[in-house]
file query-v8.cif (mmCIF, C-alpha atoms)
data_target
loop_
_atom_site.label_atom_id
_atom_site.label_comp_id
_atom_site.auth_asym_id
_atom_site.auth_seq_id
_atom_site.Cartn_x
_atom_site.Cartn_y
_atom_site.Cartn_z
CA MET A 1 95.67 109.58 35.41
CA ASN A 2 93.17 107.03 34.13
CA LEU A 3 90.24 109.20 33.10
CA LYS A 4 88.49 106.32 31.40
CA LYS A 5 88.16 104.36 34.60
CA GLY A 6 86.81 107.31 36.54
CA LEU A 7 84.38 108.45 33.90
CA PHE A 8 83.06 105.25 32.36
CA GLU A 9 83.47 102.44 34.88
CA ARG A 10 80.04 101.06 35.78
CA LYS A 11 79.20 101.09 39.43
CA VAL A 12 78.29 97.63 40.72
CA GLU A 13 74.67 97.67 41.80
CA PRO A 14 73.95 96.29 45.27
CA PHE A 15 72.16 92.95 45.55
CA ARG A 16 68.68 93.64 46.91
CA VAL A 17 65.83 91.62 48.38
CA TYR A 18 62.66 92.72 50.14
CA HIS A 19 62.24 91.26 53.60
CA GLN A 20 58.67 90.10 52.89
CA ASP A 21 59.61 88.11 49.76
CA GLU A 22 59.13 84.37 50.20
CA HIS A 23 62.73 83.47 49.34
CA ALA A 24 64.41 86.65 50.60
CA ALA A 25 66.61 84.97 53.24
CA ARG A 26 67.62 82.10 50.96
CA ASP A 27 68.51 84.35 48.02
CA LEU A 28 70.45 86.74 50.27
CA SER A 29 72.32 83.85 51.92
CA VAL A 30 73.55 82.48 48.57
CA GLN A 31 74.80 85.90 47.52
CA LEU A 32 76.44 86.55 50.89
CA ALA A 33 78.13 83.15 50.99
CA SER A 34 79.56 83.73 47.51
CA ILE A 35 81.62 86.72 48.68
CA LEU A 36 82.73 85.57 52.14
CA PRO A 37 86.09 83.82 52.62
CA ILE A 38 85.74 80.03 52.64
CA LEU A 39 88.88 79.59 54.73
CA TYR A 40 87.48 81.35 57.78
CA ARG A 41 90.14 79.84 60.07
CA THR A 42 92.85 81.86 58.35
CA ARG A 43 90.67 84.93 57.74
CA PRO A 44 88.11 85.50 60.52
CA ILE A 45 84.67 86.71 59.45
CA VAL A 46 83.36 89.51 61.70
CA PHE A 47 79.93 91.15 61.64
CA VAL A 48 79.88 94.70 63.00
CA CYS A 49 76.27 95.71 63.74
CA ILE A 50 75.93 99.47 64.11
CA GLY A 51 73.12 101.46 65.70
CA THR A 52 71.32 102.22 68.93
CA ASP A 53 68.06 101.17 70.56
CA ARG A 54 67.46 104.81 71.51
CA SER A 55 66.08 105.31 67.99
CA THR A 56 63.64 102.76 66.56
CA GLY A 57 64.86 103.07 62.98
CA ASP A 58 68.50 102.94 64.04
CA SER A 59 68.01 99.76 66.08
CA LEU A 60 68.27 97.42 63.08
CA GLY A 61 71.99 96.79 63.64
CA PRO A 62 71.90 95.94 67.36
CA LEU A 63 68.69 93.92 66.91
CA ALA A 64 70.39 91.83 64.21
CA GLY A 65 73.51 91.53 66.38
CA THR A 66 71.47 90.32 69.36
CA LEU A 67 69.56 87.76 67.28
CA LEU A 68 72.84 86.51 65.77
CA SER A 69 74.45 86.20 69.20
CA GLU A 70 71.46 84.21 70.45
CA GLN A 71 71.95 81.78 67.55
CA GLY A 72 75.38 80.88 68.95
CA MET A 73 77.27 81.54 65.71
CA GLY A 74 79.87 78.88 65.07
CA ILE A 75 82.31 80.44 62.62
CA PHE A 76 81.21 84.10 62.58
CA HIS A 77 82.14 86.71 65.18
CA VAL A 78 79.49 89.29 66.10
CA TYR A 79 79.93 92.79 67.54
CA GLY A 80 77.14 95.24 68.32
CA THR A 81 74.09 94.10 70.29
CA LEU A 82 71.28 95.72 72.27
CA ASP A 83 73.29 94.98 75.41
CA ASP A 84 76.57 96.30 73.99
CA PRO A 85 75.75 98.55 71.01
CA ILE A 86 78.22 100.08 68.57
CA HIS A 87 77.38 103.69 67.76
CA ALA A 88 78.93 107.07 66.93
CA VAL A 89 80.61 107.44 70.33
CA ASN A 90 82.44 104.10 70.50
CA LEU A 91 82.75 103.03 66.84
CA GLU A 92 86.45 103.89 66.46
CA GLU A 93 87.32 102.14 69.73
CA LYS A 94 85.41 98.98 68.73
CA LEU A 95 87.08 98.85 65.31
CA ARG A 96 90.50 99.12 66.97
CA GLU A 97 89.55 96.30 69.33
CA ILE A 98 88.46 94.04 66.45
CA LYS A 99 91.60 94.72 64.41
CA SER A 100 93.85 94.05 67.40
CA LYS A 101 92.07 90.76 68.19
CA TYR A 102 91.84 89.29 64.67
CA VAL A 103 94.49 89.05 61.97
CA ASN A 104 93.25 90.44 58.65
CA PRO A 105 89.54 90.08 59.49
CA PHE A 106 86.89 90.11 56.77
CA ILE A 107 84.38 92.60 58.16
CA ILE A 108 80.72 92.90 57.23
CA GLY A 109 79.05 96.11 58.43
CA ILE A 110 75.32 96.07 59.22
CA ASP A 111 73.30 99.26 59.58
CA ALA A 112 69.93 100.86 58.92
CA CYS A 113 69.55 103.47 56.21
CA LEU A 114 66.93 105.68 54.60
CA GLY A 115 65.91 105.58 50.94
CA ARG A 116 63.10 106.04 48.46
CA LEU A 117 59.55 105.23 49.49
CA LYS A 118 59.36 102.26 47.11
CA SER A 119 62.60 100.85 48.58
CA VAL A 120 61.46 100.78 52.22
CA GLY A 121 61.72 97.20 53.48
CA ALA A 122 64.62 96.33 51.17
CA ILE A 123 67.81 94.69 52.41
CA GLN A 124 70.92 95.44 50.37
CA LEU A 125 74.25 93.65 50.15
CA CYS A 126 76.86 96.09 48.88
CA ASP A 127 80.52 95.82 47.97
CA GLY A 128 82.93 98.07 49.85
CA PRO A 129 82.75 99.70 53.27
CA LEU A 130 79.72 101.00 55.10
CA LYS A 131 79.64 104.76 55.71
CA PRO A 132 77.68 105.09 58.96
CA GLY A 133 76.22 108.42 59.96
CA ALA A 134 75.97 109.71 56.38
CA GLY A 135 72.19 109.92 56.61
CA VAL A 136 72.35 112.22 59.63
CA ASN A 137 75.46 114.18 58.55
CA LYS A 138 77.98 112.60 60.92
CA GLU A 139 81.64 111.96 60.08
CA LEU A 140 82.43 108.42 61.19
CA PRO A 141 85.04 105.85 60.11
CA GLU A 142 84.12 103.51 57.27
CA VAL A 143 83.34 99.93 58.25
CA GLY A 144 83.84 96.65 56.48
CA ASN A 145 84.91 94.95 53.27
CA VAL A 146 81.23 94.61 52.36
CA HIS A 147 78.06 95.72 54.10
CA LEU A 148 74.41 94.92 54.64
CA THR A 149 71.91 97.73 54.97
CA GLY A 150 68.19 97.75 55.59
CA ILE A 151 66.11 100.63 54.21
CA VAL A 152 63.81 101.32 57.15
CA ASN A 153 62.18 104.59 56.12
CA VAL A 154 62.12 107.48 53.64
CA SER A 155 65.03 109.88 53.20
CA GLY A 156 65.04 113.53 52.24
CA PHE A 157 63.62 115.45 55.16
CA MET A 158 64.46 115.60 58.89
CA GLU A 159 66.23 112.23 58.83
CA PHE A 160 66.85 112.14 62.58
CA PHE A 161 63.12 112.41 63.32
CA VAL A 162 62.25 109.95 60.56
CA LEU A 163 64.51 107.36 62.20
CA GLN A 164 62.95 108.10 65.59
CA ASN A 165 59.47 107.49 64.17
CA THR A 166 60.13 104.28 62.26
CA ARG A 167 57.95 101.28 63.13
CA LEU A 168 59.68 98.69 65.30
CA ASN A 169 57.60 95.96 63.63
CA LEU A 170 59.29 96.63 60.28
CA VAL A 171 62.76 96.85 61.79
CA MET A 172 62.30 93.56 63.67
CA LYS A 173 61.08 91.72 60.56
CA MET A 174 64.04 93.01 58.54
CA ALA A 175 66.49 92.02 61.28
CA LYS A 176 65.03 88.49 61.36
CA THR A 177 65.37 88.12 57.59
CA MET A 178 68.99 89.33 57.74
CA VAL A 179 69.81 86.90 60.53
CA GLU A 180 68.15 83.96 58.78
CA ALA A 181 70.23 84.73 55.68
CA ILE A 182 73.46 84.96 57.70
CA VAL A 183 72.77 81.63 59.45
CA LEU A 184 72.12 79.96 56.08
CA ALA A 185 75.28 81.55 54.64
CA GLU A 186 77.26 80.11 57.55
CA GLU A 187 75.98 76.62 56.71
CA ILE A 188 76.94 77.06 53.05
CA ILE A 189 80.47 78.21 53.95
CA GLU A 190 80.98 75.34 56.41
CA ARG A 191 79.99 72.83 53.71
CA ARG A 192 82.34 74.46 51.19
CA ASN A 193 85.16 74.50 53.72
CA ALA A 194 84.65 70.80 54.48
CA ILE A 195 84.76 70.00 50.74
CA SER A 196 87.94 72.09 50.32
CA ILE A 197 89.66 70.23 53.18
CA GLU A 198 88.56 66.86 51.77
CA ASN A 199 89.92 67.76 48.32
CA TRP A 200 93.20 68.88 49.89
CA ARG A 201 93.53 65.56 51.73
CA GLU A 202 92.87 63.61 48.56
CA GLU A 203 95.60 65.55 46.76
CA LEU A 204 98.08 64.59 49.48
CA HIS A 205 97.55 60.84 48.84
#
call {"tool": "encode", "arguments": {"input": "query-v8.cif", "output": "structure tokens"}}
result
Amino acid sequence: MNLKKGLFERKVEPFRVYHQDEHAARDLSVQLASILPILYRTRPIVFVCIGTDRSTGDSLGPLAGTLLSEQGMGIFHVYGTLDDPIHAVNLEEKLREIKSKYVNPFIIGIDACLGRLKSVGAIQLCDGPLKPGAGVNKELPEVGNVHLTGIVNVSGFMEFFVLQNTRLNLVMKMAKTMVEAIVLAEEIIERRNAISIENWREELH
């Protein structure tokens, strides 16, 4: 038993931007691109956007998924939209579908969450899987290798009603910032992939 690791290992802090910051999307895109697989043809990159439009605060995921789908993503695969949401009832089924369709996918979970008052409006990129439903005491499967969350309102009291009464304006702005960052990250990865292929060709000659 390695007690040292359990007791003294520092937890990696999530990367955080506020949606209203001037360079929020750009800074988030650079960080996101740095952790995604460059060779996306051998390891598909899948975004799983969780939530429902039946609750304003919980609609961040499907809003982001819809905006991403409308962008016509080239190398990324997107699941969870307003038209076809991923939520507590169908999450396990959708994860099975993704894992049967793609070999060793790199999954990024997207979801809304609650936090401190001063953190409302923040978008976080975190290592490890997303734990959906934790804010409203639901046991759901973990999602993703990494995850993006948007802090849409304040935690601590009657979370279900807090999510219901979150402003759509805030959620939409956060979703747009997330999507802009993901689109920019895609461009970065495509450029890196092209450079990697070019270097490989040069090594063959």
call {"tool": "residues_near_point", "arguments": {"input": "query-v8.cif", "point": "(73.8, 96.7, 49.5)", "cutoff": "12 Å", "atoms": "only C-alpha atoms", "output": "VMD selection string"}}
result
chain A and resid 12 to 18 28 31 to 32 108 to 113 115 119 122 to 131 145 to 151
call {"tool": "resolve_selection", "arguments": {"input": "query-v8.cif", "expression": "the PyMOL selection byres ((chain A and resi 116) around 9)", "output": "number ranges by chain"}}
result
A: 114-115, 117-120, 151, 153-156
call {"tool": "residues_around", "arguments": {"input": "query-v8.cif", "residues": "Val89 in chain A", "least_positions_apart": "5", "cutoff": "12 Å", "atoms": "only C-alpha atoms", "output": "list of chain:residue names"}}
result
A:Ile50, A:Gly51, A:Thr52, A:Lys94, A:Leu95, A:Pro132, A:Gly133, A:Lys138, A:Glu139, A:Leu140, A:Pro141
call {"tool": "residues_around", "arguments": {"input": "query-v8.cif", "residues": "Leu168 in chain A", "least_positions_apart": "6", "cutoff": "12 Å", "atoms": "only C-alpha atoms", "output": "PDB file with C-alpha atoms, in the coordinates of the input"}}
result
ATOM      1  CA  ASP A  53      68.060 101.170  70.560  1.00  0.00           C
ATOM      2  CA  ARG A  54      67.460 104.810  71.510  1.00  0.00           C
ATOM      3  CA  SER A  55      66.080 105.310  67.990  1.00  0.00           C
ATOM      4  CA  THR A  56      63.640 102.760  66.560  1.00  0.00           C
ATOM      5  CA  GLY A  57      64.860 103.070  62.980  1.00  0.00           C
ATOM      6  CA  ASP A  58      68.500 102.940  64.040  1.00  0.00           C
ATOM      7  CA  SER A  59      68.010  99.760  66.080  1.00  0.00           C
ATOM      8  CA  LEU A  60      68.270  97.420  63.080  1.00  0.00           C
ATOM      9  CA  LEU A  63      68.690  93.920  66.910  1.00  0.00           C
ATOM     10  CA  VAL A 152      63.810 101.320  57.150  1.00  0.00           C
ATOM     11  CA  ASN A 153      62.180 104.590  56.120  1.00  0.00           C
ATOM     12  CA  MET A 174      64.040  93.010  58.540  1.00  0.00           C
ATOM     13  CA  ALA A 175      66.490  92.020  61.280  1.00  0.00           C
TER      14      ALA A 175
END
call {"tool": "resolve_selection", "arguments": {"input": "query-v8.cif", "expression": "the PyMOL selection byres ((chain A and resi 37) around 12)", "output": "compact mmCIF listing (two decimals) with C-alpha atoms, in the coordinates of the input"}}
result
# COMPACT_ATOMS: atom_id res chain seq x y z
CA LEU A 32 76.44 86.55 50.89
CA ALA A 33 78.13 83.15 50.99
CA SER A 34 79.56 83.73 47.51
CA ILE A 35 81.62 86.72 48.68
CA LEU A 36 82.73 85.57 52.14
CA ILE A 38 85.74 80.03 52.64
CA LEU A 39 88.88 79.59 54.73
CA TYR A 40 87.48 81.35 57.78
CA ARG A 41 90.14 79.84 60.07
CA THR A 42 92.85 81.86 58.35
CA ARG A 43 90.67 84.93 57.74
CA PRO A 44 88.11 85.50 60.52
CA ILE A 45 84.67 86.71 59.45
CA VAL A 46 83.36 89.51 61.70
CA ILE A 75 82.31 80.44 62.62
CA PHE A 76 81.21 84.10 62.58
CA ASN A 104 93.25 90.44 58.65
CA PRO A 105 89.54 90.08 59.49
CA PHE A 106 86.89 90.11 56.77
CA ILE A 107 84.38 92.60 58.16
CA ILE A 108 80.72 92.90 57.23
CA ASN A 145 84.91 94.95 53.27
CA VAL A 146 81.23 94.61 52.36
CA ALA A 185 75.28 81.55 54.64
CA GLU A 186 77.26 80.11 57.55
CA ILE A 188 76.94 77.06 53.05
CA ILE A 189 80.47 78.21 53.95
CA GLU A 190 80.98 75.34 56.41
CA ARG A 192 82.34 74.46 51.19
CA ASN A 193 85.16 74.50 53.72
call {"tool": "resolve_selection", "arguments": {"input": "query-v8.cif", "expression": "the PyMOL selection byres ((chain A and resi 182) around 10)", "output": "PyMOL selection string"}}
result
chain A and resi 25-26+28-30+32-33+47+64+68+73+76+176-181+183-188
call {"tool": "write_last_selection", "arguments": {"input": "query-v8.cif", "atoms": "C-alpha atoms", "output": "compact mmCIF listing (two decimals), in the frame of the given file"}}
result
# COMPACT_ATOMS: atom_id res chain seq x y z
CA ALA A 25 66.61 84.97 53.24
CA ARG A 26 67.62 82.10 50.96
CA LEU A 28 70.45 86.74 50.27
CA SER A 29 72.32 83.85 51.92
CA VAL A 30 73.55 82.48 48.57
CA LEU A 32 76.44 86.55 50.89
CA ALA A 33 78.13 83.15 50.99
CA PHE A 47 79.93 91.15 61.64
CA ALA A 64 70.39 91.83 64.21
CA LEU A 68 72.84 86.51 65.77
CA MET A 73 77.27 81.54 65.71
CA PHE A 76 81.21 84.10 62.58
CA LYS A 176 65.03 88.49 61.36
CA THR A 177 65.37 88.12 57.59
CA MET A 178 68.99 89.33 57.74
CA VAL A 179 69.81 86.90 60.53
CA GLU A 180 68.15 83.96 58.78
CA ALA A 181 70.23 84.73 55.68
CA VAL A 183 72.77 81.63 59.45
CA LEU A 184 72.12 79.96 56.08
CA ALA A 185 75.28 81.55 54.64
CA GLU A 186 77.26 80.11 57.55
CA GLU A 187 75.98 76.62 56.71
CA ILE A 188 76.94 77.06 53.05
call {"tool": "closest_residue", "arguments": {"input": "query-v8.cif", "among": "A:Cys49, A:Leu67, A:Glu142, A:Phe157", "to": "His87 in chain A", "atoms": "all atoms listed in the file"}}
result
A:Cys49
call {"tool": "atom_distance", "arguments": {"input": "query-v8.cif", "atom1": "CA of Val143 in chain A", "atom2": "CA of Leu82 in chain A"}}
result
19.0 Å
call {"tool": "atom_distance", "arguments": {"input": "query-v8.cif", "atom1": "CA of Phe160 in chain A", "atom2": "CA of Gly61 in chain A"}}
result
16.2 Å
